[in-house]
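For reference, query-v4.pdb is printed below; it contains PDB, C-alpha atoms, pLDDT in the B column.
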ATOM      1  CA  MET A   1      -1.672  20.689 -18.535  1.00 88.00           C
ATOM      2  CA  ASP A   2      -4.236  18.080 -19.515  1.00 95.00           C
ATOM      3  CA  PHE A   3      -5.221  14.476 -18.861  1.00 97.00           C
ATOM      4  CA  ASP A   4      -2.452  13.160 -21.128  1.00 97.00           C
ATOM      5  CA  ASP A   5       0.130  14.986 -18.986  1.00 97.00           C
ATOM      6  CA  ALA A   6      -1.292  13.307 -15.884  1.00 97.00           C
ATOM      7  CA  VAL A   7      -1.221   9.900 -17.612  1.00 98.00           C
ATOM      8  CA  ARG A   8       2.431  10.376 -18.630  1.00 98.00           C
ATOM      9  CA  PHE A   9       3.365  11.270 -15.058  1.00 97.00           C
ATOM     10  CA  HIS A  10       1.332   8.474 -13.470  1.00 98.00           C
ATOM     11  CA  GLY A  11       2.300   5.811 -15.996  1.00 97.00           C
ATOM     12  CA  HIS A  12      -1.110   4.441 -16.968  1.00 96.00           C
ATOM     13  CA  VAL A  13      -4.773   5.315 -17.346  1.00 97.00           C
ATOM     14  CA  CYS A  14      -7.086   4.280 -14.517  1.00 96.00           C
ATOM     15  CA  PRO A  15     -10.330   5.440 -12.885  1.00 95.00           C
ATOM     16  CA  GLY A  16      -8.468   6.868  -9.877  1.00 96.00           C
ATOM     17  CA  LEU A  17      -6.331   9.086 -12.095  1.00 97.00           C
ATOM     18  CA  ALA A  18      -9.471  10.279 -13.896  1.00 98.00           C
ATOM     19  CA  ILE A  19     -11.044  11.205 -10.540  1.00 97.00           C
ATOM     20  CA  GLY A  20      -7.935  13.147  -9.535  1.00 98.00           C
ATOM     21  CA  TYR A  21      -7.869  14.895 -12.899  1.00 98.00           C
ATOM     22  CA  ARG A  22     -11.455  16.062 -12.489  1.00 98.00           C
ATOM     23  CA  VAL A  23     -10.672  17.278  -8.939  1.00 98.00           C
ATOM     24  CA  ALA A  24      -7.614  19.122 -10.278  1.00 98.00           C
ATOM     25  CA  GLN A  25      -9.740  20.748 -12.995  1.00 97.00           C
ATOM     26  CA  ILE A  26     -12.190  22.060 -10.395  1.00 97.00           C
ATOM     27  CA  ALA A  27      -9.338  23.599  -8.404  1.00 97.00           C
ATOM     28  CA  GLU A  28      -7.862  25.060 -11.584  1.00 96.00           C
ATOM     29  CA  GLU A  29     -11.210  26.644 -12.506  1.00 96.00           C
ATOM     30  CA  GLU A  30     -11.637  28.054  -8.997  1.00 95.00           C
ATOM     31  CA  PHE A  31      -8.150  29.470  -8.489  1.00 95.00           C
ATOM     32  CA  LYS A  32      -7.114  30.203 -12.100  1.00 92.00           C
ATOM     33  CA  GLU A  33      -3.487  29.228 -11.611  1.00 86.00           C
ATOM     34  CA  ARG A  34      -1.009  26.433 -11.166  1.00 92.00           C
ATOM     35  CA  ALA A  35       1.206  26.703  -8.098  1.00 91.00           C
ATOM     36  CA  GLU A  36       4.699  27.956  -8.861  1.00 91.00           C
ATOM     37  CA  ASP A  37       5.616  27.737  -5.190  1.00 90.00           C
ATOM     38  CA  GLU A  38       3.249  27.450  -2.218  1.00 89.00           C
ATOM     39  CA  GLU A  39       0.481  29.863  -3.211  1.00 91.00           C
ATOM     40  CA  LEU A  40      -1.969  27.009  -3.832  1.00 94.00           C
ATOM     41  CA  VAL A  41      -2.116  24.231  -1.235  1.00 95.00           C
ATOM     42  CA  ALA A  42      -3.849  20.858  -1.633  1.00 97.00           C
ATOM     43  CA  ILE A  43      -4.847  18.843   1.419  1.00 97.00           C
ATOM     44  CA  VAL A  44      -5.590  15.288   0.300  1.00 98.00           C
ATOM     45  CA  GLU A  45      -7.217  12.623   2.455  1.00 97.00           C
ATOM     46  CA  ASN A  46      -6.051   9.545   0.543  1.00 97.00           C
ATOM     47  CA  LYS A  47      -2.958   8.247  -1.198  1.00 95.00           C
ATOM     48  CA  ALA A  48      -4.652   6.994  -4.343  1.00 96.00           C
ATOM     49  CA  CYS A  49      -3.755   7.427  -8.020  1.00 97.00           C
ATOM     50  CA  GLY A  50      -5.619  10.721  -8.344  1.00 97.00           C
ATOM     51  CA  ILE A  51      -3.038  12.550  -6.251  1.00 98.00           C
ATOM     52  CA  ASP A  52      -0.633  12.293  -9.194  1.00 98.00           C
ATOM     53  CA  ALA A  53      -3.032  14.319 -11.338  1.00 98.00           C
ATOM     54  CA  ILE A  54      -3.201  17.025  -8.646  1.00 98.00           C
ATOM     55  CA  GLN A  55       0.593  17.233  -8.600  1.00 98.00           C
ATOM     56  CA  VAL A  56       0.779  17.627 -12.375  1.00 97.00           C
ATOM     57  CA  ILE A  57      -2.231  19.853 -13.022  1.00 97.00           C
ATOM     58  CA  ASN A  58      -2.171  22.062  -9.918  1.00 97.00           C
ATOM     59  CA  GLY A  59       1.552  22.071  -9.124  1.00 97.00           C
ATOM     60  CA  CYS A  60       0.990  20.899  -5.547  1.00 97.00           C
ATOM     61  CA  THR A  61       3.818  18.586  -4.488  1.00 96.00           C
ATOM     62  CA  PHE A  62       5.323  17.122  -1.338  1.00 93.00           C
ATOM     63  CA  GLY A  63       8.687  18.626  -2.299  1.00 91.00           C
ATOM     64  CA  LYS A  64       7.335  22.180  -2.287  1.00 92.00           C
ATOM     65  CA  GLY A  65       5.351  21.551   0.870  1.00 91.00           C
ATOM     66  CA  ASN A  66       2.043  22.510  -0.698  1.00 94.00           C
ATOM     67  CA  LEU A  67       0.667  18.960  -0.826  1.00 96.00           C
ATOM     68  CA  ILE A  68      -0.482  17.862   2.616  1.00 95.00           C
ATOM     69  CA  PHE A  69      -1.494  14.244   3.203  1.00 96.00           C
ATOM     70  CA  ARG A  70      -4.004  13.267   5.860  1.00 96.00           C
ATOM     71  CA  ASP A  71      -4.497   9.510   5.986  1.00 95.00           C
ATOM     72  CA  HIS A  72      -8.296   9.385   6.272  1.00 96.00           C
ATOM     73  CA  GLY A  73      -8.881   7.013   3.354  1.00 94.00           C
ATOM     74  CA  LYS A  74     -11.476   9.348   1.830  1.00 95.00           C
ATOM     75  CA  HIS A  75     -11.799  10.933  -1.578  1.00 95.00           C
ATOM     76  CA  VAL A  76     -11.773  14.412  -0.077  1.00 97.00           C
ATOM     77  CA  TYR A  77      -9.575  17.207  -1.380  1.00 98.00           C
ATOM     78  CA  THR A  78      -9.298  20.702   0.075  1.00 97.00           C
ATOM     79  CA  PHE A  79      -7.532  23.457  -1.826  1.00 97.00           C
ATOM     80  CA  PHE A  80      -6.453  26.679  -0.166  1.00 94.00           C
ATOM     81  CA  LYS A  81      -5.242  29.868  -1.855  1.00 92.00           C
ATOM     82  CA  ARG A  82      -2.675  31.803   0.159  1.00 88.00           C
ATOM     83  CA  GLY A  83      -3.128  35.539   0.098  1.00 83.00           C
ATOM     84  CA  ASP A  84      -6.888  35.650  -0.310  1.00 84.00           C
ATOM     85  CA  ASP A  85      -7.812  32.874   2.165  1.00 78.00           C
ATOM     86  CA  ARG A  86     -10.181  31.124  -0.252  1.00 87.00           C
ATOM     87  CA  ALA A  87     -10.647  27.411   0.208  1.00 95.00           C
ATOM     88  CA  ILE A  88     -12.767  24.742  -1.436  1.00 97.00           C
ATOM     89  CA  ARG A  89     -13.493  21.224  -0.276  1.00 98.00           C
ATOM     90  CA  ILE A  90     -14.210  18.624  -2.946  1.00 98.00           C
ATOM     91  CA  SER A  91     -15.679  15.282  -1.904  1.00 97.00           C
ATOM     92  CA  SER A  92     -17.088  12.306  -3.775  1.00 93.00           C
ATOM     93  CA  HIS A  93     -20.787  12.598  -4.486  1.00 88.00           C
ATOM     94  CA  PRO A  94     -22.662   9.421  -3.525  1.00 80.00           C
ATOM     95  CA  ARG A  95     -24.416   9.420  -6.926  1.00 66.00           C
ATOM     96  CA  GLY A  96     -21.037   9.501  -8.684  1.00 55.00           C
ATOM     97  CA  ARG A  97     -20.154   6.070  -7.302  1.00 55.00           C
ATOM     98  CA  SER A  98     -22.959   4.315  -9.106  1.00 53.00           C
ATOM     99  CA  HIS A  99     -21.869   2.280 -12.093  1.00 47.00           C
ATOM    100  CA  GLU A 100     -23.784   1.616 -15.246  1.00 55.00           C
ATOM    101  CA  SER A 101     -24.858  -1.980 -15.217  1.00 57.00           C
ATOM    102  CA  ASP A 102     -24.223  -4.202 -18.180  1.00 61.00           C
ATOM    103  CA  ASP A 103     -25.719  -7.525 -19.117  1.00 62.00           C
ATOM    104  CA  GLY A 104     -22.498  -9.333 -18.259  1.00 74.00           C
ATOM    105  CA  THR A 105     -21.109  -9.089 -21.763  1.00 85.00           C
ATOM    106  CA  LEU A 106     -18.447  -6.493 -20.938  1.00 87.00           C
ATOM    107  CA  SER A 107     -15.006  -7.699 -19.945  1.00 91.00           C
ATOM    108  CA  GLU A 108     -13.298  -6.319 -16.853  1.00 91.00           C
ATOM    109  CA  GLU A 109     -11.126  -4.135 -19.112  1.00 91.00           C
ATOM    110  CA  GLU A 110     -14.185  -2.802 -20.968  1.00 92.00           C
ATOM    111  CA  ARG A 111     -15.886  -1.976 -17.637  1.00 92.00           C
ATOM    112  CA  ARG A 112     -12.720  -0.159 -16.470  1.00 93.00           C
ATOM    113  CA  LYS A 113     -12.560   1.887 -19.677  1.00 93.00           C
ATOM    114  CA  ALA A 114     -16.262   2.728 -19.386  1.00 93.00           C
ATOM    115  CA  ARG A 115     -15.735   3.874 -15.786  1.00 92.00           C
ATOM    116  CA  ILE A 116     -12.847   6.146 -16.858  1.00 95.00           C
ATOM    117  CA  GLN A 117     -14.964   7.676 -19.638  1.00 95.00           C
ATOM    118  CA  LYS A 118     -17.856   8.175 -17.220  1.00 94.00           C
ATOM    119  CA  VAL A 119     -15.612  10.006 -14.747  1.00 94.00           C
ATOM    120  CA  LEU A 120     -14.144  12.198 -17.481  1.00 96.00           C
ATOM    121  CA  LYS A 121     -17.519  13.114 -19.022  1.00 96.00           C
ATOM    122  CA  LEU A 122     -20.082  13.380 -16.216  1.00 94.00           C
ATOM    123  CA  PRO A 123     -21.012  16.875 -15.047  1.00 94.00           C
ATOM    124  CA  ARG A 124     -18.945  17.727 -11.986  1.00 93.00           C
ATOM    125  CA  ASP A 125     -21.981  18.077  -9.721  1.00 93.00           C
ATOM    126  CA  GLU A 126     -22.824  14.421 -10.373  1.00 93.00           C
ATOM    127  CA  LEU A 127     -19.335  13.315  -9.319  1.00 95.00           C
ATOM    128  CA  PHE A 128     -18.476  15.712  -6.518  1.00 96.00           C
ATOM    129  CA  VAL A 129     -19.792  17.957  -3.802  1.00 96.00           C
ATOM    130  CA  VAL A 130     -17.864  21.242  -3.972  1.00 97.00           C
ATOM    131  CA  GLU A 131     -18.092  23.579  -0.995  1.00 97.00           C
ATOM    132  CA  HIS A 132     -16.433  26.876  -0.159  1.00 96.00           C
ATOM    133  CA  VAL A 133     -15.036  26.435   3.332  1.00 95.00           C
ATOM    134  CA  GLN A 134     -13.155  28.359   5.986  1.00 92.00           C
ATOM    135  CA  ILE A 135      -9.984  26.655   7.164  1.00 88.00           C
ATOM    136  CA  GLU A 136      -7.000  27.568   9.237  1.00 83.00           C
ATOM    137  CA  PRO A 137      -4.261  28.384   6.719  1.00 76.00           C
ATOM    138  CA  PRO A 138      -1.692  25.591   6.562  1.00 74.00           C
ATOM    139  CA  ARG A 139       1.767  26.681   7.681  1.00 76.00           C
ATOM    140  CA  LYS A 140       4.323  27.241   4.965  1.00 78.00           C
ATOM    141  CA  ALA A 141       6.901  24.516   4.509  1.00 75.00           C
ATOM    142  CA  MET A 142       9.843  24.781   6.860  1.00 78.00           C
ATOM    143  CA  ILE A 143      13.412  23.905   5.980  1.00 82.00           C
ATOM    144  CA  TYR A 144      15.244  22.221   8.848  1.00 87.00           C
ATOM    145  CA  GLN A 145      18.868  21.355   9.427  1.00 92.00           C
ATOM    146  CA  SER A 146      19.995  17.797   8.740  1.00 93.00           C
ATOM    147  CA  ILE A 147      21.868  15.809  11.391  1.00 93.00           C
ATOM    148  CA  SER A 148      23.832  12.588  10.886  1.00 94.00           C
ATOM    149  CA  CYS A 149      22.386   9.528  12.606  1.00 94.00           C
ATOM    150  CA  ALA A 150      24.878   8.093  15.104  1.00 95.00           C
ATOM    151  CA  GLU A 151      23.935   4.515  14.118  1.00 93.00           C
ATOM    152  CA  CYS A 152      23.437   4.370  10.334  1.00 93.00           C
ATOM    153  CA  GLY A 153      25.262   7.581   9.403  1.00 93.00           C
ATOM    154  CA  GLU A 154      22.442   8.846   7.169  1.00 95.00           C
ATOM    155  CA  ASP A 155      21.274  12.437   7.393  1.00 94.00           C
ATOM    156  CA  VAL A 156      17.944  13.014   9.118  1.00 95.00           C
ATOM    157  CA  MET A 157      15.864  16.183   9.442  1.00 92.00           C
ATOM    158  CA  GLU A 158      16.456  17.507  12.963  1.00 93.00           C
ATOM    159  CA  THR A 159      12.720  17.475  13.781  1.00 91.00           C
ATOM    160  CA  ARG A 160      12.599  13.728  13.053  1.00 91.00           C
ATOM    161  CA  ALA A 161      15.759  12.826  15.016  1.00 94.00           C
ATOM    162  CA  ARG A 162      15.493  11.094  18.387  1.00 95.00           C
ATOM    163  CA  LEU A 163      17.812  10.627  21.341  1.00 94.00           C
ATOM    164  CA  LYS A 164      18.780   6.981  22.030  1.00 94.00           C
ATOM    165  CA  HIS A 165      21.295   6.150  24.763  1.00 93.00           C
ATOM    166  CA  GLY A 166      22.677   9.691  24.526  1.00 94.00           C
ATOM    167  CA  HIS A 167      23.109   9.638  20.746  1.00 94.00           C
ATOM    168  CA  ILE A 168      21.103  11.355  18.023  1.00 95.00           C
ATOM    169  CA  VAL A 169      19.512   8.769  15.720  1.00 95.00           C
ATOM    170  CA  CYS A 170      16.966   8.588  12.888  1.00 93.00           C
ATOM    171  CA  LEU A 171      13.506   7.096  13.443  1.00 93.00           C
ATOM    172  CA  PRO A 172      14.267   3.637  11.955  1.00 93.00           C
ATOM    173  CA  CYS A 173      17.339   3.291  14.196  1.00 93.00           C
ATOM    174  CA  PHE A 174      15.412   4.622  17.182  1.00 93.00           C
ATOM    175  CA  GLU A 175      12.609   2.122  16.611  1.00 91.00           C
ATOM    176  CA  GLY A 176      15.100  -0.669  16.008  1.00 86.00           C
ATOM    177  CA  HIS A 177      14.086  -1.736  12.505  1.00 71.00           C
ATOM    178  CA  ASP A 178      15.172  -1.254   8.927  1.00 59.00           C
ATOM    179  CA  ILE A 179      12.948   0.117   6.248  1.00 54.00           C
TER
END

Using C-alpha cells, write down the structure from this file.
Amino acid sequence: MDFDDAVRFHGHVCPGLAIGYRVAQIAEEEFKERAEDEELVAIVENKACGIDAIQVINGCTFGKGNLIFRDHGKHVYTFFKRGDDRAIRISSHPRGRSHESDDGTLSEEERRKARIQKVLKLPRDELFVVEHVQIEPPRKAMIYQSISCAECGEDVMETRARLKHGHIVCLPCFEGHDI
C-alpha cells in the first residue's frame, strides 16, 4: 500500500492525509506487517484526515476493533503489537509544524501543495517524536448480541441499550432525540 492507495480511499490529497501516511509508514517499518485481524492496534487521539491513511496502510479499522479513538484533539498515535507487547507512540514534533514562509506570491493552493510535499519528504525525526512505550494491552473487540429498541424498532448492541419506563431502548430514544 502506498500514498496513492490512501488518496483513493480518502478521496483527495491534503496535508492531514500526508501526516497520517507518514505515521502509518513509521508503524509499518516498526511492526513489519499490515493487520489482517487485530494483531496490530492503533490508538488515535484525533479524528482528522490522517486516520484514513492508517486504516489503508496498517489495516487498523473500527470494524475489526483494532482502531481505537480517544477524542483528545491531538496528533498522537500509539500502535501496539499483540503477542510481543511492543508499542510505539508517535506525536507531532514542534519543529514539524513550522511552515516555509513565502513572499506572498504563492496562492493558498500552492501553499497547501507545498505543505503536502514538505510532510511527505521531511525526515521523520523532523516531523514526529517516536517513542517506545509500555501500555496496557487494549482488550480485543467483543461481539455483543443485538436487541430491538422498543421505540424505534432498530437493533442496538446490548451494551448500548438502556431501560426507559420498563422497556429496552437505544441511546437516541433514551435521550429523547433523533440523530

Quick one: residues within 12 Å of Asp125 in chain A, only C-alpha atoms counted, chain neighbours fewer than 6 positions away excluded, as a PyMOL selection string? chain A and resi 22-23+26+90-96+119+131

Using C-alpha atoms, can you export the residues from the last selection as a tab-separated table (two decimals), in the frame of the given file?
chain	number	residue	atom	x	y	z
A	22	ARG	CA	-11.46	16.06	-12.49
A	23	VAL	CA	-10.67	17.28	-8.94
A	26	ILE	CA	-12.19	22.06	-10.40
A	90	ILE	CA	-14.21	18.62	-2.95
A	91	SER	CA	-15.68	15.28	-1.90
A	92	SER	CA	-17.09	12.31	-3.78
A	93	HIS	CA	-20.79	12.60	-4.49
A	94	PRO	CA	-22.66	9.42	-3.52
A	95	ARG	CA	-24.42	9.42	-6.93
A	96	GLY	CA	-21.04	9.50	-8.68
A	119	VAL	CA	-15.61	10.01	-14.75
A	131	GLU	CA	-18.09	23.58	-1.00

Counting all atoms listed in the file, which of A:Lys118, A:Lys64, A:His132, A:Lys81 gets nearest to Glu33 in chain A?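 So, comparing all the options, the nearest one is A:Lys81.
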
If you count all atoms listed in the file, which residues fall within 10 Å of Met1 in chain A, apart from same-chain ones fewer than 6 positions away, as an MDAnalysis selection string? chainID A and resid 25 34 53 56:58

Let me know the residues the PyMOL selection byres ((chain A and resi 85) around 10) catches in the file above, as a PyMOL selection string. chain A and resi 80-84+86-87+133-137

With C-alpha atoms retained, could you export that selection as a compact mmCIF listing (two decimals), keeping the file's coordinate frame?
# COMPACT_ATOMS: atom_id res chain seq x y z
CA PHE A 80 -6.45 26.68 -0.17
CA LYS A 81 -5.24 29.87 -1.86
CA ARG A 82 -2.68 31.80 0.16
CA GLY A 83 -3.13 35.54 0.10
CA ASP A 84 -6.89 35.65 -0.31
CA ARG A 86 -10.18 31.12 -0.25
CA ALA A 87 -10.65 27.41 0.21
CA VAL A 133 -15.04 26.44 3.33
CA GLN A 134 -13.16 28.36 5.99
CA ILE A 135 -9.98 26.66 7.16
CA GLU A 136 -7.00 27.57 9.24
CA PRO A 137 -4.26 28.38 6.72

Need to verify the contact set: Arg8 in chain A, 12 Å, only C-alpha atoms, exclusion of same-chain residues closer than 2 positions in sequence. Can you return it as a list in words? Met1, Asp2, Phe3, Asp4, Asp5, Ala6, His10, Gly11, His12, Val13, Leu17, Asp52, Ala53, Val56 and Ile57 of chain A

Which residues, written as a ChimeraX atom specification, have at least one atom at most 9 Å from Met157 in chain A, with only C-alpha atoms counted and residues fewer than 3 positions away on the same chain left out? /A:143-148,160-161,170

Can I get the selection written as a PDB file, in the frame of the given file, with C-alpha atoms?
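Output (part-v8.pdb):
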ATOM      1  CA  ILE A 143      13.412  23.905   5.980  1.00 82.00           C
ATOM      2  CA  TYR A 144      15.244  22.221   8.848  1.00 87.00           C
ATOM      3  CA  GLN A 145      18.868  21.355   9.427  1.00 92.00           C
ATOM      4  CA  SER A 146      19.995  17.797   8.740  1.00 93.00           C
ATOM      5  CA  ILE A 147      21.868  15.809  11.391  1.00 93.00           C
ATOM      6  CA  SER A 148      23.832  12.588  10.886  1.00 94.00           C
ATOM      7  CA  ARG A 160      12.599  13.728  13.053  1.00 91.00           C
ATOM      8  CA  ALA A 161      15.759  12.826  15.016  1.00 94.00           C
ATOM      9  CA  CYS A 170      16.966   8.588  12.888  1.00 93.00           C
TER      10      CYS A 170
END

Contacts of Val76 in chain A at 10 Å or less, counting all atoms listed in the file, minus same-chain residues fewer than 4 places along, as a PDB file with C-alpha atoms, in the coordinates of the input?
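Result went into out-v2.pdb, see below:
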ATOM      1  CA  VAL A  23     -10.672  17.278  -8.939  1.00 98.00           C
ATOM      2  CA  ILE A  43      -4.847  18.843   1.419  1.00 97.00           C
ATOM      3  CA  VAL A  44      -5.590  15.288   0.300  1.00 98.00           C
ATOM      4  CA  GLU A  45      -7.217  12.623   2.455  1.00 97.00           C
ATOM      5  CA  ASN A  46      -6.051   9.545   0.543  1.00 97.00           C
ATOM      6  CA  ARG A  70      -4.004  13.267   5.860  1.00 96.00           C
ATOM      7  CA  HIS A  72      -8.296   9.385   6.272  1.00 96.00           C
ATOM      8  CA  ARG A  89     -13.493  21.224  -0.276  1.00 98.00           C
ATOM      9  CA  ILE A  90     -14.210  18.624  -2.946  1.00 98.00           C
ATOM     10  CA  SER A  91     -15.679  15.282  -1.904  1.00 97.00           C
ATOM     11  CA  SER A  92     -17.088  12.306  -3.775  1.00 93.00           C
ATOM     12  CA  PHE A 128     -18.476  15.712  -6.518  1.00 96.00           C
ATOM     13  CA  VAL A 129     -19.792  17.957  -3.802  1.00 96.00           C
ATOM     14  CA  VAL A 130     -17.864  21.242  -3.972  1.00 97.00           C
TER      15      VAL A 130
END

The PyMOL selection byres ((chain A and resi 69) around 12) on the file shown: which residues, as a ChimeraX atom specification? /A:41-48,51,60-62,65-68,70-78,138

Those same residues - C-alpha atoms - I'd like them written as a tab-separated table (two decimals), in the frame of the given file.
chain	number	residue	atom	x	y	z
A	41	VAL	CA	-2.12	24.23	-1.24
A	42	ALA	CA	-3.85	20.86	-1.63
A	43	ILE	CA	-4.85	18.84	1.42
A	44	VAL	CA	-5.59	15.29	0.30
A	45	GLU	CA	-7.22	12.62	2.46
A	46	ASN	CA	-6.05	9.54	0.54
A	47	LYS	CA	-2.96	8.25	-1.20
A	48	ALA	CA	-4.65	6.99	-4.34
A	51	ILE	CA	-3.04	12.55	-6.25
A	60	CYS	CA	0.99	20.90	-5.55
A	61	THR	CA	3.82	18.59	-4.49
A	62	PHE	CA	5.32	17.12	-1.34
A	65	GLY	CA	5.35	21.55	0.87
A	66	ASN	CA	2.04	22.51	-0.70
A	67	LEU	CA	0.67	18.96	-0.83
A	68	ILE	CA	-0.48	17.86	2.62
A	70	ARG	CA	-4.00	13.27	5.86
A	71	ASP	CA	-4.50	9.51	5.99
A	72	HIS	CA	-8.30	9.38	6.27
A	73	GLY	CA	-8.88	7.01	3.35
A	74	LYS	CA	-11.48	9.35	1.83
A	75	HIS	CA	-11.80	10.93	-1.58
A	76	VAL	CA	-11.77	14.41	-0.08
A	77	TYR	CA	-9.57	17.21	-1.38
A	78	THR	CA	-9.30	20.70	0.08
A	138	PRO	CA	-1.69	25.59	6.56

For a quick check of understanding, using all atoms listed in the file, which of A:Ile19, A:Cys49, A:Phe9, A:Lys32 has the smallest distance to Leu122 in chain A?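 Residue with the minimum atom-to-atom distance to Leu122 in chain A: A:Ile19.
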
I'd like the interatomic distance between CA of Val7 in chain A and CA of Leu40 in chain A, to a tenth of an Å. 22.0 Å

Mind pulling up the distance from CA of Lys121 in chain A to CA of Glu30 in chain A?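 Separation of CA of Glu30 in chain A and CA of Lys121 in chain A: 18.9 Å.
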
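Counting all atoms listed in the file, the residue from A:Glu158, A:Gly104, A:Cys152, A:Leu163 that sits nearest to His177 in chain A is A:Cys152.
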
Selection dump of the PyMOL selection byres ((chain A and resi 174) around 12), as JSON, numbers by chain: {"A": [149, 150, 151, 152, 156, 160, 161, 162, 163, 164, 165, 166, 167, 168, 169, 170, 171, 172, 173, 175, 176, 177, 178]}

Which one is closest to Arg139 in chain A: A:Arg115, A:Glu38, A:Ile88, A:Gly59? Count only C-alpha atoms.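 When distances to Arg139 in chain A are compared using only C-alpha atoms, the smallest one comes from A:Glu38.
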
Pairwise distance for CA of Glu108 in chain A and CA of Gly16 in chain A, rounded to one decimal in Å: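 Interatomic distance, CA of Glu108 in chain A to CA of Gly16 in chain A: 15.7 Å.
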
Please complete range 34-48 of chain A with N, CA and C atoms and give it back as an mmCIF file, in the coordinates of the input.
data_model
loop_
_atom_site.group_PDB
_atom_site.id
_atom_site.type_symbol
_atom_site.label_atom_id
_atom_site.label_comp_id
_atom_site.auth_asym_id
_atom_site.auth_seq_id
_atom_site.Cartn_x
_atom_site.Cartn_y
_atom_site.Cartn_z
ATOM 1 N N ARG A 34 -1.755 27.610 -11.604
ATOM 2 C CA ARG A 34 -1.009 26.433 -11.166
ATOM 3 C C ARG A 34 0.054 26.945 -10.210
ATOM 4 N N ALA A 35 0.265 26.246 -9.117
ATOM 5 C CA ALA A 35 1.206 26.703 -8.098
ATOM 6 C C ALA A 35 2.635 26.707 -8.630
ATOM 7 N N GLU A 36 3.272 27.860 -8.563
ATOM 8 C CA GLU A 36 4.699 27.956 -8.861
ATOM 9 C C GLU A 36 5.488 27.599 -7.616
ATOM 10 N N ASP A 37 4.968 28.020 -6.471
ATOM 11 C CA ASP A 37 5.616 27.737 -5.190
ATOM 12 C C ASP A 37 4.554 27.189 -4.244
ATOM 13 N N GLU A 38 4.210 27.936 -3.208
ATOM 14 C CA GLU A 38 3.249 27.450 -2.218
ATOM 15 C C GLU A 38 1.952 28.238 -2.202
ATOM 16 N N GLU A 39 1.681 29.019 -3.251
ATOM 17 C CA GLU A 39 0.481 29.863 -3.211
ATOM 18 C C GLU A 39 -0.820 29.055 -3.235
ATOM 19 N N LEU A 40 -0.816 27.900 -3.847
ATOM 20 C CA LEU A 40 -1.969 27.009 -3.832
ATOM 21 C C LEU A 40 -1.576 25.762 -3.057
ATOM 22 N N VAL A 41 -2.395 25.380 -2.082
ATOM 23 C CA VAL A 41 -2.116 24.231 -1.235
ATOM 24 C C VAL A 41 -3.231 23.208 -1.413
ATOM 25 N N ALA A 42 -2.866 21.943 -1.564
ATOM 26 C CA ALA A 42 -3.849 20.858 -1.633
ATOM 27 C C ALA A 42 -3.695 19.989 -0.384
ATOM 28 N N ILE A 43 -4.806 19.763 0.286
ATOM 29 C CA ILE A 43 -4.847 18.843 1.419
ATOM 30 C C ILE A 43 -5.637 17.635 0.938
ATOM 31 N N VAL A 44 -4.969 16.501 0.841
ATOM 32 C CA VAL A 44 -5.590 15.288 0.300
ATOM 33 C C VAL A 44 -5.778 14.279 1.421
ATOM 34 N N GLU A 45 -6.892 13.551 1.375
ATOM 35 C CA GLU A 45 -7.217 12.623 2.455
ATOM 36 C C GLU A 45 -7.112 11.165 2.028
ATOM 37 N N ASN A 46 -6.324 10.910 0.985
ATOM 38 C CA ASN A 46 -6.051 9.545 0.543
ATOM 39 C C ASN A 46 -4.719 9.539 -0.182
ATOM 40 N N LYS A 47 -4.212 8.352 -0.440
ATOM 41 C CA LYS A 47 -2.958 8.247 -1.198
ATOM 42 C C LYS A 47 -3.187 7.407 -2.452
ATOM 43 N N ALA A 48 -4.261 7.733 -3.150
ATOM 44 C CA ALA A 48 -4.652 6.994 -4.343
ATOM 45 C C ALA A 48 -4.054 7.634 -5.607
#
